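Coordinates from upload-v8.txt are shown below (compact mmCIF, C-alpha atoms and all ligand atoms).
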# COMPACT_ATOMS: atom_id res chain seq x y z
CA MET A 1 -129.05 -24.16 26.52
CA SER A 2 -127.66 -27.62 27.28
CA ALA A 3 -130.91 -29.41 26.34
CA HIS A 4 -130.13 -28.40 22.76
CA PHE A 5 -127.47 -31.10 22.49
CA SER A 6 -129.93 -34.00 22.57
CA GLY A 7 -130.45 -35.28 19.03
CA ARG A 8 -128.13 -32.67 17.59
CA ASP A 9 -125.66 -33.01 14.70
CA ILE A 10 -122.07 -31.80 15.26
CA ILE A 11 -120.89 -30.77 11.80
CA SER A 12 -118.94 -27.52 12.21
CA ILE A 13 -117.45 -25.88 15.29
CA SER A 14 -119.20 -22.70 14.13
CA ASP A 15 -122.53 -24.40 14.89
CA LEU A 16 -121.70 -24.21 18.63
CA THR A 17 -121.90 -21.08 20.76
CA LYS A 18 -119.16 -20.23 23.23
CA GLN A 19 -121.43 -21.37 26.10
CA GLU A 20 -122.07 -24.69 24.36
CA ILE A 21 -118.34 -25.25 23.81
CA ILE A 22 -117.67 -24.51 27.48
CA ARG A 23 -120.42 -26.95 28.49
CA VAL A 24 -118.81 -29.76 26.43
CA LEU A 25 -115.48 -29.05 28.15
CA GLU A 26 -117.17 -29.14 31.57
CA VAL A 27 -118.82 -32.49 30.81
CA ALA A 28 -115.51 -33.84 29.47
CA LYS A 29 -113.90 -32.96 32.79
CA LEU A 30 -116.63 -34.97 34.58
CA MET A 31 -116.07 -37.86 32.16
CA GLN A 32 -112.46 -38.22 33.32
CA LYS A 33 -113.87 -39.68 36.56
CA ASN A 34 -117.07 -41.29 35.26
CA LYS A 35 -117.49 -45.02 35.81
CA LYS A 36 -121.20 -45.32 34.93
CA PRO A 37 -122.29 -47.19 31.76
CA LEU A 38 -124.27 -44.18 30.57
CA LEU A 39 -124.76 -45.42 27.01
CA GLN A 40 -125.69 -49.07 27.65
CA GLY A 41 -127.90 -50.31 24.80
CA LYS A 42 -126.88 -47.51 22.43
CA VAL A 43 -125.07 -48.16 19.13
CA LEU A 44 -122.46 -45.98 17.44
CA ALA A 45 -121.79 -46.32 13.70
CA THR A 46 -118.30 -45.25 12.57
CA LEU A 47 -118.25 -44.70 8.81
CA PHE A 48 -114.69 -43.91 7.71
CA PHE A 49 -114.06 -43.20 4.04
CA GLU A 50 -110.55 -41.94 4.87
CA PRO A 51 -107.82 -43.39 7.10
CA SER A 52 -107.84 -42.59 10.81
CA THR A 53 -106.22 -43.84 13.97
CA ARG A 54 -107.19 -41.42 16.73
CA THR A 55 -110.63 -40.22 15.69
CA ARG A 56 -112.13 -43.61 14.96
CA LEU A 57 -110.47 -45.55 17.76
CA SER A 58 -111.17 -42.91 20.40
CA PHE A 59 -114.84 -42.72 19.40
CA GLU A 60 -115.08 -46.51 19.50
CA SER A 61 -113.26 -46.66 22.82
CA SER A 62 -115.47 -43.90 24.24
CA MET A 63 -118.66 -45.72 23.27
CA THR A 64 -117.38 -49.07 24.55
CA LYS A 65 -116.23 -47.62 27.88
CA LEU A 66 -119.71 -46.12 28.33
CA GLY A 67 -121.36 -49.52 27.81
CA GLY A 68 -122.55 -49.06 24.23
CA GLY A 69 -121.87 -50.99 21.04
CA VAL A 70 -120.05 -50.08 17.84
CA LEU A 71 -120.43 -51.04 14.18
CA GLY A 72 -118.99 -49.56 11.02
CA PHE A 73 -116.31 -49.76 8.37
CA THR A 74 -112.85 -48.41 7.63
CA ASP A 75 -112.85 -49.30 3.95
CA PRO A 76 -115.87 -48.31 1.84
CA ASN A 77 -114.75 -50.81 -0.82
CA VAL A 78 -116.04 -53.65 1.34
CA THR A 79 -119.51 -52.09 1.47
CA SER A 80 -122.19 -51.62 -1.20
CA PHE A 81 -120.60 -48.31 -2.22
CA SER A 82 -118.51 -50.55 -4.47
CA LYS A 83 -121.80 -51.51 -6.20
CA GLY A 84 -122.75 -47.88 -6.73
CA GLU A 85 -124.86 -47.13 -3.64
CA THR A 86 -125.11 -43.41 -2.92
CA LEU A 87 -124.02 -41.82 0.34
CA TRP A 88 -127.59 -40.64 0.86
CA ASP A 89 -129.04 -44.17 0.61
CA ALA A 90 -126.29 -45.67 2.76
CA ILE A 91 -126.92 -43.14 5.52
CA LYS A 92 -130.67 -43.89 5.30
CA MET A 93 -129.78 -47.53 6.05
CA VAL A 94 -127.35 -46.85 8.90
CA ASP A 95 -129.99 -44.54 10.38
CA GLY A 96 -131.96 -47.68 11.18
CA TYR A 97 -129.01 -49.58 12.64
CA ALA A 98 -127.41 -47.05 14.96
CA ASP A 99 -128.30 -44.33 17.47
CA VAL A 100 -125.49 -41.99 16.43
CA ILE A 101 -123.17 -41.80 13.41
CA VAL A 102 -119.57 -40.58 13.17
CA MET A 103 -118.40 -40.11 9.60
CA ARG A 104 -115.11 -39.10 7.98
CA HIS A 105 -115.21 -38.35 4.27
CA PRO A 106 -112.80 -36.74 1.77
CA LEU A 107 -115.44 -34.38 0.37
CA GLU A 108 -116.15 -31.07 2.06
CA GLY A 109 -119.84 -30.91 2.94
CA ALA A 110 -120.31 -34.70 3.05
CA ALA A 111 -121.05 -34.66 6.79
CA ARG A 112 -123.69 -31.98 6.32
CA LEU A 113 -125.31 -34.08 3.58
CA ALA A 114 -125.26 -37.15 5.85
CA SER A 115 -126.92 -35.14 8.62
CA GLU A 116 -129.74 -34.26 6.24
CA ALA A 117 -130.26 -37.93 5.35
CA ALA A 118 -130.15 -39.21 8.96
CA LYS A 119 -132.65 -38.79 11.75
CA VAL A 120 -130.06 -39.84 14.35
CA PRO A 121 -127.26 -37.39 15.25
CA VAL A 122 -124.34 -37.21 12.82
CA ILE A 123 -120.91 -36.17 14.11
CA ASN A 124 -118.36 -34.96 11.58
CA GLY A 125 -115.09 -36.87 11.99
CA GLY A 126 -113.45 -34.68 9.33
CA ASP A 127 -114.71 -33.64 5.89
CA GLY A 128 -111.92 -32.96 3.40
CA ALA A 129 -109.96 -29.82 4.25
CA ASN A 130 -113.03 -28.24 5.82
CA GLN A 131 -113.80 -29.04 9.47
CA HIS A 132 -112.91 -31.43 12.29
CA PRO A 133 -115.07 -30.14 15.14
CA THR A 134 -114.45 -32.92 17.67
CA GLN A 135 -110.69 -32.47 17.24
CA THR A 136 -111.21 -28.80 18.07
CA LEU A 137 -113.16 -29.61 21.21
CA LEU A 138 -110.39 -31.92 22.41
CA ASP A 139 -107.80 -29.29 21.43
CA LEU A 140 -109.60 -26.67 23.53
CA PHE A 141 -109.88 -29.15 26.40
CA THR A 142 -106.14 -29.86 26.10
CA ILE A 143 -105.23 -26.17 26.04
CA LYS A 144 -107.30 -25.64 29.18
CA GLU A 145 -105.80 -28.69 30.93
CA SER A 146 -102.25 -27.58 30.13
CA GLN A 147 -102.57 -23.84 30.81
CA LYS A 148 -105.52 -23.78 33.28
CA LYS A 149 -107.27 -21.27 31.01
CA ILE A 150 -107.92 -20.50 27.34
CA THR A 151 -108.80 -16.81 27.36
CA GLY A 152 -105.99 -14.44 26.43
CA LEU A 153 -103.35 -17.05 25.57
CA LYS A 154 -100.87 -16.58 22.74
CA ILE A 155 -101.30 -19.48 20.35
CA ALA A 156 -99.29 -20.23 17.21
CA MET A 157 -100.45 -22.59 14.46
CA ALA A 158 -97.69 -23.82 12.18
CA GLY A 159 -97.49 -25.94 9.06
CA ASP A 160 -100.17 -26.62 6.50
CA LEU A 161 -102.75 -23.98 7.31
CA LYS A 162 -104.39 -24.29 3.90
CA TYR A 163 -105.36 -27.96 3.79
CA GLY A 164 -105.22 -28.75 7.53
CA ARG A 165 -108.85 -28.86 8.68
CA THR A 166 -107.96 -28.95 12.38
CA VAL A 167 -106.48 -25.44 12.28
CA HIS A 168 -109.52 -24.07 10.46
CA SER A 169 -111.87 -25.33 13.19
CA LEU A 170 -109.47 -24.30 15.97
CA ALA A 171 -108.94 -20.73 14.71
CA SER A 172 -112.72 -20.21 14.51
CA ALA A 173 -113.22 -21.58 18.03
CA LEU A 174 -110.40 -19.51 19.56
CA ALA A 175 -112.12 -16.38 18.28
CA HIS A 176 -114.48 -16.87 21.26
CA PHE A 177 -111.60 -16.66 23.73
CA ASN A 178 -109.78 -13.48 22.75
CA CYS A 179 -106.47 -15.27 22.14
CA GLY A 180 -103.58 -13.73 20.22
CA LEU A 181 -103.02 -15.90 17.15
CA PHE A 182 -99.84 -16.43 15.10
CA PHE A 183 -100.09 -18.23 11.76
CA VAL A 184 -96.83 -19.74 10.49
CA SER A 185 -96.68 -21.41 7.08
CA PRO A 186 -95.06 -21.37 3.66
CA GLU A 187 -96.65 -18.72 1.43
CA THR A 188 -98.53 -21.39 -0.56
CA LEU A 189 -100.08 -22.94 2.55
CA ARG A 190 -101.43 -19.84 4.28
CA MET A 191 -104.59 -19.80 6.37
CA PRO A 192 -107.55 -19.30 3.98
CA ASN A 193 -108.86 -15.76 3.63
CA TYR A 194 -112.33 -16.69 4.84
CA ILE A 195 -110.87 -17.61 8.24
CA LEU A 196 -108.74 -14.44 8.41
CA GLU A 197 -111.78 -12.35 7.48
CA GLU A 198 -113.82 -14.04 10.21
CA LEU A 199 -111.10 -13.18 12.75
CA GLU A 200 -110.91 -9.59 11.52
CA SER A 201 -114.66 -9.19 11.80
CA LYS A 202 -114.45 -10.37 15.42
CA LYS A 203 -111.49 -8.05 16.11
CA ILE A 204 -109.18 -10.97 17.02
CA LYS A 205 -105.49 -10.07 16.93
CA PHE A 206 -103.47 -12.27 14.58
CA SER A 207 -100.23 -12.10 12.60
CA VAL A 208 -98.79 -14.10 9.71
CA HIS A 209 -95.22 -15.50 9.68
CA LYS A 210 -92.95 -17.74 7.63
CA GLU A 211 -90.65 -19.11 10.36
CA VAL A 212 -91.48 -20.79 13.69
CA LYS A 213 -88.29 -19.37 15.22
CA ASP A 214 -89.67 -15.83 14.81
CA ILE A 215 -92.53 -16.41 17.24
CA ILE A 216 -91.84 -19.47 19.37
CA ASP A 217 -90.32 -17.59 22.31
CA GLU A 218 -93.48 -15.57 22.92
CA VAL A 219 -96.27 -18.13 22.68
CA ASP A 220 -98.00 -20.37 25.25
CA ILE A 221 -99.09 -23.01 22.73
CA LEU A 222 -97.44 -24.09 19.48
CA TYR A 223 -99.94 -26.11 17.46
CA ALA A 224 -97.92 -27.90 14.76
CA THR A 225 -99.56 -29.64 11.82
CA ARG A 226 -98.57 -32.10 9.14
CA ILE A 227 -98.24 -31.00 5.52
CA GLN A 228 -101.33 -32.72 4.09
CA LYS A 229 -99.71 -34.59 1.19
CA GLU A 230 -102.96 -36.31 0.18
CA ARG A 231 -104.75 -33.00 -0.51
CA PHE A 232 -102.20 -31.48 -2.92
CA PRO A 233 -103.49 -31.49 -6.50
CA ASP A 234 -99.87 -31.24 -7.72
CA HIS A 235 -97.27 -33.58 -6.17
CA GLN A 236 -94.40 -31.23 -7.16
CA GLU A 237 -95.95 -28.50 -5.02
CA TYR A 238 -95.91 -30.92 -2.07
CA GLU A 239 -92.23 -31.73 -2.69
CA LYS A 240 -91.39 -28.00 -2.43
CA VAL A 241 -92.89 -27.59 1.05
CA LYS A 242 -92.79 -31.07 2.59
CA ASN A 243 -89.96 -30.20 4.98
CA ALA A 244 -90.96 -26.57 5.48
CA TYR A 245 -90.06 -26.70 9.17
CA VAL A 246 -89.00 -29.06 11.91
CA ILE A 247 -89.47 -28.48 15.64
CA ASN A 248 -86.37 -29.72 17.42
CA ARG A 249 -84.62 -29.21 20.76
CA ASP A 250 -82.52 -26.31 19.41
CA ILE A 251 -85.53 -24.16 18.68
CA LEU A 252 -86.82 -24.60 22.26
CA LYS A 253 -83.84 -22.99 24.03
CA ASN A 254 -85.52 -19.71 24.97
CA VAL A 255 -89.21 -20.60 25.00
CA LYS A 256 -91.61 -19.78 27.83
CA LYS A 257 -91.58 -22.32 30.64
CA ASN A 258 -95.27 -23.02 30.17
CA LEU A 259 -95.01 -23.57 26.39
CA LYS A 260 -96.83 -26.70 25.29
CA ILE A 261 -96.47 -28.17 21.82
CA MET A 262 -99.59 -29.72 20.40
CA HIS A 263 -100.17 -31.63 17.16
CA PRO A 264 -103.35 -33.40 16.01
CA LEU A 265 -101.10 -36.26 14.78
CA PRO A 266 -100.00 -38.19 12.86
CA ARG A 267 -96.67 -36.37 12.69
CA VAL A 268 -94.30 -37.05 9.82
CA ASN A 269 -91.21 -34.82 10.03
CA GLU A 270 -92.57 -31.75 11.81
CA ILE A 271 -91.55 -32.67 15.35
CA ASP A 272 -88.27 -34.39 16.06
CA PRO A 273 -88.75 -37.31 18.50
CA SER A 274 -86.12 -35.69 20.78
CA VAL A 275 -88.81 -33.11 21.66
CA ASP A 276 -91.01 -35.83 23.21
CA ASP A 277 -89.25 -35.69 26.58
CA SER A 278 -88.48 -31.96 26.54
CA GLY A 279 -91.25 -31.10 29.00
CA HIS A 280 -92.97 -29.06 26.27
CA ALA A 281 -94.46 -31.93 24.27
CA TYR A 282 -98.17 -32.39 24.89
CA TYR A 283 -99.38 -34.17 21.75
CA PHE A 284 -99.82 -37.61 23.26
CA GLU A 285 -101.85 -36.23 26.18
CA GLN A 286 -103.83 -34.26 23.58
CA ALA A 287 -104.70 -37.44 21.65
CA HIS A 288 -105.69 -39.21 24.87
CA ASN A 289 -108.03 -36.34 25.73
CA GLY A 290 -110.11 -37.55 22.78
CA ILE A 291 -111.69 -40.08 25.16
CA PRO A 292 -113.32 -37.79 27.76
CA VAL A 293 -114.25 -35.21 25.13
CA ARG A 294 -115.85 -37.74 22.78
CA GLN A 295 -117.54 -39.48 25.72
CA ALA A 296 -119.02 -36.11 26.64
CA LEU A 297 -120.27 -35.44 23.13
CA LEU A 298 -121.78 -38.90 22.67
CA SER A 299 -123.55 -38.66 26.04
CA MET A 300 -124.87 -35.21 25.23
CA VAL A 301 -126.15 -35.83 21.68
CA LEU A 302 -127.75 -39.06 22.92
CA GLY A 303 -129.55 -37.08 25.63
CA MET A 304 -127.96 -38.81 28.63
CA ILE A 305 -126.29 -35.65 29.95
CA LYS A 306 -127.54 -32.10 29.54
N1 LIG A 401 -106.18 -36.13 14.74
C1 LIG A 401 -106.74 -37.00 13.87
O1 LIG A 401 -107.78 -36.70 13.24
O2 LIG A 401 -106.09 -38.18 13.75
P1 LIG A 401 -106.57 -39.40 12.84
O3 LIG A 401 -106.48 -38.93 11.40
O4 LIG A 401 -105.65 -40.52 13.16
O5 LIG A 401 -108.01 -39.69 13.19

Take the structure from the file and write it as structure tokens.
Amino acid sequence: MSAHFSGRDIISISDLTKQEIIRVLEVAKLMQKNKKPLLQGKVLATLFFEPSTRTRLSFESSMTKLGGGVLGFTDPNVTSFSKGETLWDAIKMVDGYADVIVMRHPLEGAARLASEAAKVPVINGGDGANQHPTQTLLDLFTIKESQKKITGLKIAMAGDLKYGRTVHSLASALAHFNCGLFFVSPETLRMPNYILEELESKKIKFSVHKEVKDIIDEVDILYATRIQKERFPDHQEYEKVKNAYVINRDILKNVKKNLKIMHPLPRVNEIDPSVDDSGHAYYFEQAHNGIPVRQALLSMVLGMIK
């Protein structure tokens, strides 16, 4: 099973079996203590057509800590895209300069296209509102670190469930672990039907809600998300929902002791800073878990760890 990672693209969380996901989490746990330069001589290309703090920097940090090198761009306007070069041709070039590519792109399906152009592994760093598989792996790792298990937990996702790609990947992945899922959003930002249908077909229990306060006292994880302003076709629609909910100290009065609040970040208004030292906040640890998880993935797709 594990040999399958060598040379493999990571485009959608649905491309990984439950056993493969568990293997990545196991290797990530080992990476927390690893000191060996496993990827010396290897080069990572980070091609970011959209802004990023965590995904790009944690991939670059992961590669550097493992002894490898990094090249790439954060602004496609300073590359030959500005002269009209196609994504296909650009990936064909980078294929000769790097051993693995991480790409973030606003168009859904762009990472899949890049993987068809490249011979080296392509890792999807987020494609439009579609998928963010490495975020999901670090989210699963974080859930396991904070609760000592994943199976059977009650997990709420709140916020922009329509345009937020992290919740799409996470809901699909949690279907492997028989969790009870609670989806909280304004009516216009509900989880897409294709995800709900996938959960139904797998007999996963889920419910749909409008208010965080209705479910927060019964869940183990609250996964909050930002309203994705940049993906709204109509700015007025964004204005209607931009402050749909705020997690603050008041709402945490009767929650379970083990409740952890996660967020892929950046946050805007969804979580009041007073929550940061409540004992329930876990979003900064979550972001830091990007290092061992991405180190694991890089080492596995580059064939250094099975
Ligand atoms: N979680 C996440 O994808 O953050 P960035 O957009 O900063 O990479």

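Near ligand LIG 401 (chain A), the residues found within 9 Å are Glu50, Pro51, Ser52, Thr53, Arg54, Thr55, Arg56, Leu57, Ser58, Arg104, Gly125, Gly126, His132, Thr134, Gln135, Thr166, His263, Pro264, Leu265, Pro266 and Ala287 of chain A (criterion computed using all atoms listed in the file).
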
Show which residues sit within 12 Å of His4 of chain A, as a JSON list (two decimals) with C-alpha atoms, keeping the file's coordinate frame. Count all atoms listed in the file, and ignore same-chain residues fewer than 3 positions away.
[["chain", "number", "residue", "atom", "x", "y", "z"],
["A", 1, "MET", "CA", -129.05, -24.16, 26.52],
["A", 7, "GLY", "CA", -130.45, -35.28, 19.03],
["A", 8, "ARG", "CA", -128.13, -32.67, 17.59],
["A", 9, "ASP", "CA", -125.66, -33.01, 14.70],
["A", 10, "ILE", "CA", -122.07, -31.80, 15.26],
["A", 15, "ASP", "CA", -122.53, -24.40, 14.89],
["A", 16, "LEU", "CA", -121.70, -24.21, 18.63],
["A", 17, "THR", "CA", -121.90, -21.08, 20.76],
["A", 19, "GLN", "CA", -121.43, -21.37, 26.10],
["A", 20, "GLU", "CA", -122.07, -24.69, 24.36],
["A", 23, "ARG", "CA", -120.42, -26.95, 28.49],
["A", 24, "VAL", "CA", -118.81, -29.76, 26.43],
["A", 300, "MET", "CA", -124.87, -35.21, 25.23],
["A", 301, "VAL", "CA", -126.15, -35.83, 21.68],
["A", 302, "LEU", "CA", -127.75, -39.06, 22.92],
["A", 303, "GLY", "CA", -129.55, -37.08, 25.63],
["A", 305, "ILE", "CA", -126.29, -35.65, 29.95],
["A", 306, "LYS", "CA", -127.54, -32.10, 29.54]]

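With atom CA of Asn77 of chain A on one side and atom CA of Ser61 of chain A on the other, the separation reads 24.0 Å.
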
Within 12 Å of segment 290-296 of chain A, which residues of segment 75-191 of chain A show up? Give each one with its shortest atom-to-atom distance in Å (one decimal) and the two atoms involved, counting all atoms listed in the file, rows by chain then rising residue number, as JSON lines.
{"residue": "A:Val102", "atom": "CA", "partner": "A:Arg294", "partner_atom": "CA", "distance": 10.7}
{"residue": "A:Ile123", "atom": "CA", "partner": "A:Arg294", "partner_atom": "CA", "distance": 10.2}
{"residue": "A:Asn124", "atom": "CA", "partner": "A:Arg294", "partner_atom": "CA", "distance": 11.8}
{"residue": "A:Gly125", "atom": "CA", "partner": "A:Arg294", "partner_atom": "CA", "distance": 10.9}
{"residue": "A:Pro133", "atom": "CA", "partner": "A:Arg294", "partner_atom": "CA", "distance": 10.8}
{"residue": "A:Thr134", "atom": "CA", "partner": "A:Arg294", "partner_atom": "CA", "distance": 7.2}
{"residue": "A:Gln135", "atom": "CA", "partner": "A:Gly290", "partner_atom": "CA", "distance": 7.5}
{"residue": "A:Thr136", "atom": "CA", "partner": "A:Gly290", "partner_atom": "CA", "distance": 10.0}
{"residue": "A:Leu137", "atom": "CA", "partner": "A:Val293", "partner_atom": "CA", "distance": 6.9}
{"residue": "A:Leu138", "atom": "CA", "partner": "A:Gly290", "partner_atom": "CA", "distance": 5.6}
{"residue": "A:Asp139", "atom": "CA", "partner": "A:Gly290", "partner_atom": "CA", "distance": 8.7}
{"residue": "A:Leu140", "atom": "CA", "partner": "A:Val293", "partner_atom": "CA", "distance": 9.9}
{"residue": "A:Phe141", "atom": "CA", "partner": "A:Val293", "partner_atom": "CA", "distance": 7.6}
{"residue": "A:Thr142", "atom": "CA", "partner": "A:Gly290", "partner_atom": "CA", "distance": 9.3}

Create the file for the chosen residues now, containing C-alpha atoms and written as a JSON list (two decimals), in the frame of the given file.
[["chain", "number", "residue", "atom", "x", "y", "z"],
["A", 102, "VAL", "CA", -119.57, -40.58, 13.17],
["A", 123, "ILE", "CA", -120.91, -36.17, 14.11],
["A", 124, "ASN", "CA", -118.36, -34.96, 11.58],
["A", 125, "GLY", "CA", -115.09, -36.87, 11.99],
["A", 133, "PRO", "CA", -115.07, -30.14, 15.14],
["A", 134, "THR", "CA", -114.45, -32.92, 17.67],
["A", 135, "GLN", "CA", -110.69, -32.47, 17.24],
["A", 136, "THR", "CA", -111.21, -28.80, 18.07],
["A", 137, "LEU", "CA", -113.16, -29.61, 21.21],
["A", 138, "LEU", "CA", -110.39, -31.92, 22.41],
["A", 139, "ASP", "CA", -107.80, -29.29, 21.43],
["A", 140, "LEU", "CA", -109.60, -26.67, 23.53],
["A", 141, "PHE", "CA", -109.88, -29.15, 26.40],
["A", 142, "THR", "CA", -106.14, -29.86, 26.10]]

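Take the candidates A:Ser14, A:Ser146, A:Ser115, A:Ser274 and check each one against Asn258 of chain A using all atoms listed in the file; the shortest distance goes to A:Ser146.
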
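Candidate residues A:Lys260, A:Lys36, A:His235, A:His105 were compared for distance to Tyr223 of chain A, and the nearest is A:Lys260, using all atoms listed in the file.
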
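Atom CA of Phe284 of chain A is found 22.7 Å from atom CA of Ala244 of chain A.
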
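In terms of minimum interatomic distance to Arg165 of chain A, A:Glu108 ranks closest within A:Glu108, A:Glu218, A:Glu187, A:Glu116, counting only C-alpha atoms.
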
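Note that the spacing between atom CA of Lys42 of chain A and atom CA of Ala118 of chain A amounts to 16.2 Å.
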
Complete segment 58-66 of chain A at the level of all heavy atoms, written as a PDB file, in the coordinates of the input.
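This is the output file rebuild-v6.pdb:
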ATOM      1  N   SER A  58    -110.753 -43.560  19.148  1.00  0.00           N
ATOM      2  CA  SER A  58    -111.170 -42.910  20.400  1.00  0.00           C
ATOM      3  C   SER A  58    -112.693 -42.817  20.486  1.00  0.00           C
ATOM      4  O   SER A  58    -113.257 -42.924  21.575  1.00  0.00           O
ATOM      5  CB  SER A  58    -110.504 -41.551  20.586  1.00  0.00           C
ATOM      6  OG  SER A  58    -110.926 -40.651  19.604  1.00  0.00           O
ATOM      7  N   PHE A  59    -113.368 -42.665  19.354  1.00  0.00           N
ATOM      8  CA  PHE A  59    -114.840 -42.720  19.400  1.00  0.00           C
ATOM      9  C   PHE A  59    -115.295 -44.123  19.797  1.00  0.00           C
ATOM     10  O   PHE A  59    -116.204 -44.289  20.615  1.00  0.00           O
ATOM     11  CB  PHE A  59    -115.450 -42.332  18.041  1.00  0.00           C
ATOM     12  CG  PHE A  59    -115.896 -40.898  17.972  1.00  0.00           C
ATOM     13  CD1 PHE A  59    -115.279 -40.000  17.122  1.00  0.00           C
ATOM     14  CD2 PHE A  59    -116.944 -40.425  18.772  1.00  0.00           C
ATOM     15  CE1 PHE A  59    -115.676 -38.664  17.073  1.00  0.00           C
ATOM     16  CE2 PHE A  59    -117.354 -39.100  18.719  1.00  0.00           C
ATOM     17  CZ  PHE A  59    -116.722 -38.212  17.861  1.00  0.00           C
ATOM     18  N   GLU A  60    -114.656 -45.132  19.201  1.00  0.00           N
ATOM     19  CA  GLU A  60    -115.080 -46.510  19.500  1.00  0.00           C
ATOM     20  C   GLU A  60    -114.766 -46.855  20.958  1.00  0.00           C
ATOM     21  O   GLU A  60    -115.579 -47.492  21.643  1.00  0.00           O
ATOM     22  CB  GLU A  60    -114.415 -47.480  18.521  1.00  0.00           C
ATOM     23  CG  GLU A  60    -114.917 -47.248  17.096  1.00  0.00           C
ATOM     24  CD  GLU A  60    -114.448 -48.252  16.065  1.00  0.00           C
ATOM     25  OE1 GLU A  60    -113.639 -49.141  16.394  1.00  0.00           O
ATOM     26  OE2 GLU A  60    -114.904 -48.156  14.918  1.00  0.00           O
ATOM     27  N   SER A  61    -113.610 -46.416  21.421  1.00  0.00           N
ATOM     28  CA  SER A  61    -113.260 -46.660  22.820  1.00  0.00           C
ATOM     29  C   SER A  61    -114.220 -45.930  23.750  1.00  0.00           C
ATOM     30  O   SER A  61    -114.684 -46.491  24.748  1.00  0.00           O
ATOM     31  CB  SER A  61    -111.814 -46.190  23.062  1.00  0.00           C
ATOM     32  OG  SER A  61    -111.501 -46.283  24.418  1.00  0.00           O
ATOM     33  N   SER A  62    -114.553 -44.704  23.405  1.00  0.00           N
ATOM     34  CA  SER A  62    -115.470 -43.900  24.240  1.00  0.00           C
ATOM     35  C   SER A  62    -116.818 -44.599  24.377  1.00  0.00           C
ATOM     36  O   SER A  62    -117.379 -44.711  25.476  1.00  0.00           O
ATOM     37  CB  SER A  62    -115.680 -42.519  23.625  1.00  0.00           C
ATOM     38  OG  SER A  62    -114.473 -41.824  23.584  1.00  0.00           O
ATOM     39  N   MET A  63    -117.351 -45.063  23.245  1.00  0.00           N
ATOM     40  CA  MET A  63    -118.660 -45.720  23.270  1.00  0.00           C
ATOM     41  C   MET A  63    -118.595 -47.019  24.069  1.00  0.00           C
ATOM     42  O   MET A  63    -119.483 -47.325  24.878  1.00  0.00           O
ATOM     43  CB  MET A  63    -119.109 -45.994  21.823  1.00  0.00           C
ATOM     44  CG  MET A  63    -120.557 -46.374  21.709  1.00  0.00           C
ATOM     45  SD  MET A  63    -121.612 -45.006  22.278  1.00  0.00           S
ATOM     46  CE  MET A  63    -123.211 -45.587  21.770  1.00  0.00           C
ATOM     47  N   THR A  64    -117.531 -47.787  23.850  1.00  0.00           N
ATOM     48  CA  THR A  64    -117.380 -49.070  24.550  1.00  0.00           C
ATOM     49  C   THR A  64    -117.244 -48.862  26.050  1.00  0.00           C
ATOM     50  O   THR A  64    -117.879 -49.553  26.857  1.00  0.00           O
ATOM     51  CB  THR A  64    -116.144 -49.822  23.996  1.00  0.00           C
ATOM     52  OG1 THR A  64    -116.261 -49.889  22.579  1.00  0.00           O
ATOM     53  CG2 THR A  64    -116.057 -51.221  24.558  1.00  0.00           C
ATOM     54  N   LYS A  65    -116.427 -47.883  26.446  1.00  0.00           N
ATOM     55  CA  LYS A  65    -116.230 -47.620  27.880  1.00  0.00           C
ATOM     56  C   LYS A  65    -117.538 -47.182  28.545  1.00  0.00           C
ATOM     57  O   LYS A  65    -117.726 -47.389  29.740  1.00  0.00           O
ATOM     58  CB  LYS A  65    -115.189 -46.518  28.093  1.00  0.00           C
ATOM     59  CG  LYS A  65    -113.745 -46.981  27.936  1.00  0.00           C
ATOM     60  CD  LYS A  65    -112.817 -45.757  27.926  1.00  0.00           C
ATOM     61  CE  LYS A  65    -111.376 -46.160  27.732  1.00  0.00           C
ATOM     62  NZ  LYS A  65    -110.649 -46.380  28.971  1.00  0.00           N
ATOM     63  N   LEU A  66    -118.433 -46.569  27.759  1.00  0.00           N
ATOM     64  CA  LEU A  66    -119.710 -46.120  28.330  1.00  0.00           C
ATOM     65  C   LEU A  66    -120.795 -47.190  28.193  1.00  0.00           C
ATOM     66  O   LEU A  66    -121.978 -46.911  28.399  1.00  0.00           O
ATOM     67  CB  LEU A  66    -120.151 -44.809  27.662  1.00  0.00           C
ATOM     68  CG  LEU A  66    -119.289 -43.587  28.039  1.00  0.00           C
ATOM     69  CD1 LEU A  66    -119.701 -42.362  27.223  1.00  0.00           C
ATOM     70  CD2 LEU A  66    -119.382 -43.284  29.529  1.00  0.00           C
TER      71      LEU A  66
END
